[in-house]
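S.K.: Below are the structure tokens for one structure; questions will follow.
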Amino acid sequence: MSTRSQRPNADAVAICPVGLEPVCAGELRELGYRVGSPTAGVVPFRGSTRAVYEANLWLRTATRVLVRVARFRATDFAHLERRVGELDLASYLGDGVAPRFRVTSRKSGLFHTDAVADRLHGIIGPAKTDDDQPEQVFVVRIDHDTVTLSVDTSGEPLHKRSWRTETVSASLRPTLAAAAVLSSVWDRTSPVLDPFAGAGTFVIEAGLIAAALPPSDGRDYAFHRWPSFEGGTWASVTGGAATRSVEHAVATLPALEAADRDPAAIEAAKRNAERAGVKIDATVRPVGQMTGDLSAGLVITNPPYGKRSASGSRGTDPLYKRLGEMVRERRPNSTLTVVAPSGLSRIDRRLTTVAKTRNGGIDVIIATHRPAASRSAAGL
């Protein structure tokens with residue numbers, strides 16, 4: 001994607017929702033970085049300062065990026081204080097920035113996490129004294145007396161997109177929406193439809209992917225406040241992003257259609273898309289009036305369940321059945337991708353699970369089906 005920095009590589013991890021590790025790892029590989037073996041919600045990779053900047057800018061399924069600062073054994077507070085006192089953390093703490101420690105402990109003598117945080121504050125610096133004071137988060141994981149200290153490079157969680165200022169009831173997180181799009185084997189040029197669009201998250205994420213635009217433009221990151229921040233490297237990363245988007249601007253971008261029976265949701269989708277710089281066709285329309293398209297496109301959706309379905313899980317049966325019927329009748333050559341907790345067979349028995357994760361505290365499945373005609377059109 002770009003010329004790599006010559007600075008020494010660092011151990012970094014991308015934090016993502018549990019179940020989406022393979023998708024997040026694929027994003028990192030596409031950026032050109034070596035990925036380690038993922039664990040629950042954690043995808044390790046190695047890279048330079050540039051890699052850390054690029055990961056924050058481009059990862060669509062991650063919630064934050066951490067860089068390991070140190071790893072050591074400590075069986076008591078004396079060992080902990082001595083080892084932390086040997087660390088130089090000045091490159092991460094600018095003037096007036098207070099450290100904050102998120103501590104977890106498992107099978108260790110240092111089991112009192114609040115006490116650990118207090119000792120670290122005593123060595124590195126006091127907690128913030130007012131709400132307006134900026135903070136730098138350090139993540140401390142203690143496992144069997146082994147302490148891993150990492151620095152958060154992201155700041156505000158990456159799933160908080162700058163364009164997504166309006167949501168509707170039980171909205172889908174953009175990280176999950178992006179994972180579903182990336183799991184759909186979509187060619188990034190064919191039409192996309194979400195018949196239960198809500199605030200437009202699926203079609204906007206698809207549009208950003210197709211246009212090679214970062215998932216959240218113009219936001220600040222924690223590393224911007226570091227004394228060690230490399231302005232030239234960051235300018236190169238953002239300059240490369242601008243070049244990619246210009247190159248894709250001359251290409252044929254897909255038609256993006258958002259439909260929902262709720263007028264307020266459609267208006268929110270329009271405004272979110274405008275902020276994201278993505279052109280969509282947003283229309284108030286129930287699923288039974290789905291538009292027809294015989295091309296090998298993508299129908300991707302998060303049909304009502306839980307809070308969005310007042311009639312309960314069994315009450316969704318007719319709606320789910322109708323969704324499947326309309327896709328087979330009106331868009332027979334389109335790939336169908338669904339995010340839902342259950343009832344997938346009532347939509348289409350051919351749907352195959354590609355990931356299991358959570359949305360709003362509910363276990364959900366990402367499932368997809370690609371018709372034979374769609375595979376043939378793609379040369380598969």
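The way I read the labels, and the way they are meant: chains A, B, ... in the order of the structure tokens, residue 1 as the first residue of every chain, and ligand 1 as the first ligand shown, with later ones counted on from there.
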Hey, what's within 12 Å of region 279-287 of chain A if we count only C-alpha atoms and toss same-chain stuff fewer than 5 positions away? As a VMD selection string, please?
M.R.: chain A and resid 191 to 208 210 to 211 253 to 274 292 299 301 303 to 304 318 to 327 330
S.K.: Those same residues, written as a compact mmCIF listing (two decimals), in the first residue's frame with C-alpha atoms?
M.R.:
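Now in result30.txt:
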```
# COMPACT_ATOMS: atom_id res chain seq x y z
CA PRO A 191 -25.31 -2.78 -6.54
CA VAL A 192 -25.99 -2.99 -2.81
CA LEU A 193 -29.40 -3.00 -1.13
CA ASP A 194 -30.36 -2.99 2.55
CA PRO A 195 -34.15 -3.46 2.82
CA PHE A 196 -34.11 -2.79 6.61
CA ALA A 197 -31.60 0.04 6.42
CA GLY A 198 -32.28 1.90 9.64
CA ALA A 199 -29.72 4.72 9.83
CA GLY A 200 -27.91 3.43 6.74
CA THR A 201 -24.89 1.78 8.37
CA PHE A 202 -24.57 -1.16 5.93
CA VAL A 203 -24.78 0.83 2.71
CA ILE A 204 -22.54 3.61 4.03
CA GLU A 205 -19.85 1.15 5.12
CA ALA A 206 -20.14 -0.56 1.71
CA GLY A 207 -19.81 2.79 -0.04
CA LEU A 208 -16.71 3.75 1.94
CA ALA A 210 -15.94 0.71 -2.59
CA ALA A 211 -14.56 4.25 -2.74
CA LEU A 253 -18.87 3.06 -7.92
CA PRO A 254 -21.81 0.83 -6.99
CA ALA A 255 -25.43 1.90 -6.64
CA LEU A 256 -26.24 1.94 -2.94
CA GLU A 257 -29.89 1.60 -1.97
CA ALA A 258 -31.25 2.01 1.57
CA ALA A 259 -34.89 1.14 2.17
CA ASP A 260 -36.90 1.16 5.39
CA ARG A 261 -40.55 1.57 6.29
CA ASP A 262 -39.65 4.20 8.94
CA PRO A 263 -39.43 7.74 7.45
CA ALA A 264 -37.34 8.99 10.39
CA ALA A 265 -34.78 6.24 9.82
CA ILE A 266 -34.49 7.09 6.13
CA GLU A 267 -33.92 10.77 6.90
CA ALA A 268 -31.19 9.80 9.38
CA ALA A 269 -29.61 7.54 6.74
CA LYS A 270 -29.55 10.39 4.24
CA ARG A 271 -27.83 12.75 6.66
CA ASN A 272 -25.31 10.13 7.80
CA ALA A 273 -24.44 9.35 4.18
CA GLU A 274 -23.96 13.02 3.40
CA GLY A 292 -35.83 -5.62 -8.74
CA VAL A 299 -28.49 -7.68 -0.47
CA THR A 301 -29.38 -6.53 6.08
CA PRO A 303 -33.73 -7.67 9.96
CA PRO A 304 -35.78 -6.74 13.04
CA PRO A 318 -43.64 -14.00 8.46
CA LEU A 319 -41.29 -11.04 7.98
CA TYR A 320 -38.22 -13.24 7.62
CA LYS A 321 -40.05 -15.52 5.20
CA ARG A 322 -41.14 -12.49 3.17
CA LEU A 323 -37.57 -11.19 3.03
CA GLY A 324 -36.33 -14.48 1.59
CA GLU A 325 -39.16 -14.63 -0.94
CA MET A 326 -38.52 -11.10 -2.16
CA VAL A 327 -34.77 -11.64 -2.59
CA ARG A 330 -36.63 -9.68 -7.24
```
S.K.: Which of these residues is nearest to Phe223 (chain A), using only C-alpha atoms: A:Ser345, A:Ser236, A:Asn56, A:Asn9?
M.R.: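 Going through A:Ser345, A:Ser236, A:Asn56, A:Asn9 one by one, the smallest distance to Phe223 (chain A) is for A:Asn56.
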S.K.: Among region 190-341 of chain A, which residues carry a DSSP assignment of helix (DSSP H, G or I), reported as number ranges by chain?
M.R.: A: 201-210, 222-225, 231-249, 263-276, 287-289, 306-308, 314-330
S.K.: With only C-alpha atoms as the counted atoms, please give the residues lying no more than 7 Å from region 154-165 of chain A, apart from itself and same-chain residues fewer than 2 positions off, as an mmCIF file with N, CA, C and O atoms, in the first residue's frame.
M.R.:
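What landed in around-v2.cif:
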```cif
data_model
loop_
_atom_site.group_PDB
_atom_site.id
_atom_site.type_symbol
_atom_site.label_atom_id
_atom_site.label_comp_id
_atom_site.auth_asym_id
_atom_site.auth_seq_id
_atom_site.Cartn_x
_atom_site.Cartn_y
_atom_site.Cartn_z
ATOM 1 N N ASN A 56 -4.867 2.432 12.545
ATOM 2 C CA ASN A 56 -5.901 3.300 13.114
ATOM 3 C C ASN A 56 -6.754 3.942 12.035
ATOM 4 O O ASN A 56 -7.973 4.058 12.178
ATOM 5 N N ALA A 62 -11.909 -3.037 13.780
ATOM 6 C CA ALA A 62 -11.237 -2.912 15.078
ATOM 7 C C ALA A 62 -11.871 -1.808 15.911
ATOM 8 O O ALA A 62 -12.431 -0.845 15.374
ATOM 9 N N THR A 63 -11.769 -1.952 17.238
ATOM 10 C CA THR A 63 -12.250 -0.904 18.138
ATOM 11 C C THR A 63 -11.113 -0.036 18.667
ATOM 12 O O THR A 63 -11.333 1.109 19.035
ATOM 13 N N ARG A 64 -9.908 -0.580 18.703
ATOM 14 C CA ARG A 64 -8.729 0.215 19.061
ATOM 15 C C ARG A 64 -7.464 -0.549 18.717
ATOM 16 O O ARG A 64 -7.510 -1.764 18.458
ATOM 17 N N VAL A 65 -6.333 0.164 18.733
ATOM 18 C CA VAL A 65 -5.022 -0.415 18.445
ATOM 19 C C VAL A 65 -4.105 -0.123 19.630
ATOM 20 O O VAL A 65 -3.978 1.036 20.045
ATOM 21 N N ASP A 152 -2.523 2.690 24.597
ATOM 22 C CA ASP A 152 -3.609 2.834 23.623
ATOM 23 C C ASP A 152 -3.245 3.925 22.633
ATOM 24 O O ASP A 152 -2.975 5.066 23.021
ATOM 25 N N THR A 167 -28.600 7.746 14.975
ATOM 26 C CA THR A 167 -28.890 6.319 14.987
ATOM 27 C C THR A 167 -30.389 6.115 15.196
ATOM 28 O O THR A 167 -31.127 7.060 15.453
ATOM 29 N N ARG A 173 -23.613 -1.757 15.172
ATOM 30 C CA ARG A 173 -22.314 -1.089 15.236
ATOM 31 C C ARG A 173 -21.634 -1.128 13.873
ATOM 32 O O ARG A 173 -21.674 -2.150 13.179
ATOM 33 N N PRO A 174 -20.969 -0.041 13.491
ATOM 34 C CA PRO A 174 -20.291 -0.021 12.193
ATOM 35 C C PRO A 174 -19.242 -1.115 12.036
ATOM 36 O O PRO A 174 -19.022 -1.604 10.926
ATOM 37 N N THR A 175 -18.565 -1.507 13.125
ATOM 38 C CA THR A 175 -17.575 -2.579 13.024
ATOM 39 C C THR A 175 -18.216 -3.883 12.562
ATOM 40 O O THR A 175 -17.660 -4.606 11.734
ATOM 41 N N PRO A 215 -12.705 4.613 7.160
ATOM 42 C CA PRO A 215 -14.021 4.470 7.793
ATOM 43 C C PRO A 215 -14.480 5.673 8.583
ATOM 44 O O PRO A 215 -15.683 5.842 8.807
ATOM 45 N N SER A 216 -13.547 6.508 9.022
ATOM 46 C CA SER A 216 -13.933 7.665 9.831
ATOM 47 C C SER A 216 -12.961 8.794 9.569
ATOM 48 O O SER A 216 -11.843 8.805 10.088
ATOM 49 N N ASP A 217 -13.359 9.737 8.752
ATOM 50 C CA ASP A 217 -12.460 10.789 8.308
ATOM 51 C C ASP A 217 -12.410 11.946 9.304
ATOM 52 O O ASP A 217 -13.400 12.273 9.952
ATOM 53 N N ARG A 219 -10.927 12.475 12.232
ATOM 54 C CA ARG A 219 -10.955 12.314 13.683
ATOM 55 C C ARG A 219 -9.549 12.429 14.275
ATOM 56 O O ARG A 219 -8.539 12.339 13.560
ATOM 57 N N TYR A 221 -6.627 11.051 17.071
ATOM 58 C CA TYR A 221 -6.187 9.803 17.678
ATOM 59 C C TYR A 221 -5.300 10.127 18.880
ATOM 60 O O TYR A 221 -4.709 11.207 18.963
ATOM 61 N N ALA A 222 -5.178 9.180 19.798
ATOM 62 C CA ALA A 222 -4.355 9.402 20.983
ATOM 63 C C ALA A 222 -2.916 9.734 20.604
ATOM 64 O O ALA A 222 -2.266 10.584 21.224
ATOM 65 N N PHE A 223 -2.392 9.067 19.559
ATOM 66 C CA PHE A 223 -0.983 9.286 19.194
ATOM 67 C C PHE A 223 -0.720 10.703 18.690
ATOM 68 O O PHE A 223 0.437 11.137 18.637
ATOM 69 N N ASN A 272 -26.555 10.842 7.515
ATOM 70 C CA ASN A 272 -25.310 10.128 7.804
ATOM 71 C C ASN A 272 -24.484 9.929 6.533
ATOM 72 O O ASN A 272 -23.262 10.107 6.535
ATOM 73 N N ARG A 275 -22.724 13.122 5.510
ATOM 74 C CA ARG A 275 -21.536 13.390 6.330
ATOM 75 C C ARG A 275 -20.378 12.470 5.950
ATOM 76 O O ARG A 275 -19.215 12.859 6.023
ATOM 77 N N ALA A 276 -20.707 11.232 5.544
ATOM 78 C CA ALA A 276 -19.664 10.278 5.170
ATOM 79 C C ALA A 276 -19.114 10.519 3.774
ATOM 80 O O ALA A 276 -18.095 9.946 3.399
#
```
S.K.: CA of Leu120 (chain A) and CA of Val52 (chain A), how far apart in Å?
M.R.: 25.1 Å
S.K.: Env of Ala127 (chain A): 8 Å cut, atoms = only C-alpha atoms, seq-sep filter 6 positions within chain, self excluded. Answer as an MDAnalysis selection string.
M.R.: chainID A and resid 98:100 121
S.K.: Could you pull out the strand (DSSP E or B) residues of region 21-105 of chain A, going by DSSP on the backbone, and write them as a PyMOL selection string?
M.R.: chain A and resi 34-35+39+42-47+64-73+98-105
S.K.: Quick one: write out the picked residues with N, CA and C atoms as a CSV table (one decimal), in the first residue's frame?
M.R.:
```
chain,number,residue,atom,x,y,z
A,34,ARG,N,2.4,-8.4,8.8
A,34,ARG,CA,2.4,-9.8,9.3
A,34,ARG,C,1.5,-9.9,10.5
A,35,VAL,N,0.7,-10.9,10.5
A,35,VAL,CA,-0.3,-11.1,11.6
A,35,VAL,C,0.0,-12.3,12.4
A,39,THR,N,-6.3,-14.3,19.3
A,39,THR,CA,-7.1,-14.9,20.5
A,39,THR,C,-8.4,-14.1,20.6
A,42,VAL,N,-8.5,-10.3,20.0
A,42,VAL,CA,-7.2,-9.7,19.9
A,42,VAL,C,-6.5,-10.2,18.7
A,43,VAL,N,-6.0,-9.3,17.8
A,43,VAL,CA,-5.3,-9.7,16.6
A,43,VAL,C,-3.9,-9.1,16.7
A,44,PRO,N,-2.8,-9.9,17.0
A,44,PRO,CA,-1.5,-9.3,17.1
A,44,PRO,C,-0.9,-9.1,15.7
A,45,PHE,N,-0.1,-8.0,15.6
A,45,PHE,CA,0.7,-7.8,14.3
A,45,PHE,C,2.0,-7.0,14.7
A,46,ARG,N,2.9,-7.0,13.8
A,46,ARG,CA,4.1,-6.3,14.0
A,46,ARG,C,4.3,-5.2,12.9
A,47,GLY,N,4.7,-4.1,13.3
A,47,GLY,CA,4.9,-3.0,12.3
A,47,GLY,C,5.6,-1.8,12.8
A,64,ARG,N,-9.9,-0.6,18.7
A,64,ARG,CA,-8.7,0.2,19.1
A,64,ARG,C,-7.5,-0.5,18.7
A,65,VAL,N,-6.3,0.2,18.7
A,65,VAL,CA,-5.0,-0.4,18.4
A,65,VAL,C,-4.1,-0.1,19.6
A,66,LEU,N,-3.5,-1.2,20.2
A,66,LEU,CA,-2.6,-1.0,21.3
A,66,LEU,C,-1.1,-1.4,20.8
A,67,VAL,N,-0.2,-0.8,21.5
A,67,VAL,CA,1.2,-1.1,21.3
A,67,VAL,C,1.8,-1.5,22.6
A,68,ARG,N,2.5,-2.7,22.6
A,68,ARG,CA,3.1,-3.2,23.8
A,68,ARG,C,4.3,-2.3,24.2
A,69,VAL,N,4.4,-1.9,25.4
A,69,VAL,CA,5.5,-1.1,25.9
A,69,VAL,C,6.5,-2.0,26.7
A,70,ALA,N,6.0,-2.9,27.5
A,70,ALA,CA,6.8,-3.8,28.3
A,70,ALA,C,6.1,-5.0,28.8
A,71,ARG,N,6.9,-6.1,29.0
A,71,ARG,CA,6.4,-7.3,29.6
A,71,ARG,C,7.4,-7.8,30.6
A,72,PHE,N,6.9,-8.1,31.8
A,72,PHE,CA,7.8,-8.6,32.9
A,72,PHE,C,7.1,-9.3,33.9
A,73,ARG,N,7.8,-10.0,34.8
A,73,ARG,CA,7.2,-10.7,35.9
A,73,ARG,C,7.2,-9.9,37.2
A,98,ALA,N,-2.8,13.3,31.5
A,98,ALA,CA,-2.8,12.5,32.7
A,98,ALA,C,-2.9,11.0,32.3
A,99,PRO,N,-2.1,10.1,32.9
A,99,PRO,CA,-2.2,8.7,32.6
A,99,PRO,C,-3.5,8.1,33.2
A,100,ARG,N,-4.1,7.1,32.5
A,100,ARG,CA,-5.2,6.3,33.1
A,100,ARG,C,-4.9,4.9,32.8
A,101,PHE,N,-5.1,4.0,33.8
A,101,PHE,CA,-4.7,2.6,33.7
A,101,PHE,C,-6.0,1.7,33.8
A,102,ARG,N,-6.1,0.9,32.8
A,102,ARG,CA,-7.1,-0.2,32.8
A,102,ARG,C,-6.4,-1.5,33.1
A,103,VAL,N,-6.7,-2.0,34.3
A,103,VAL,CA,-6.0,-3.1,34.8
A,103,VAL,C,-6.9,-4.3,34.9
A,104,THR,N,-6.4,-5.5,34.4
A,104,THR,CA,-7.1,-6.8,34.6
A,104,THR,C,-6.1,-7.7,35.2
A,105,SER,N,-6.6,-8.6,36.0
A,105,SER,CA,-5.7,-9.6,36.7
A,105,SER,C,-6.3,-11.0,36.7
```
S.K.: With only C-alpha atoms as the atoms that count, which of A:Ala296, A:Cys16, A:Ile365, A:Ile123 lies nearest to Asp88 (chain A)?
M.R.: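 Of A:Ala296, A:Cys16, A:Ile365, A:Ile123, the one nearest Asp88 (chain A) is A:Ile123, counting only C-alpha atoms.
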S.K.: Could you check which of A:Ile15, A:Ala355, A:Ala372, A:Ala55 is closest to Ala180 (chain A), using only C-alpha atoms?
M.R.: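 Distance minimum relative to Ala180 (chain A) lands on A:Ala355.
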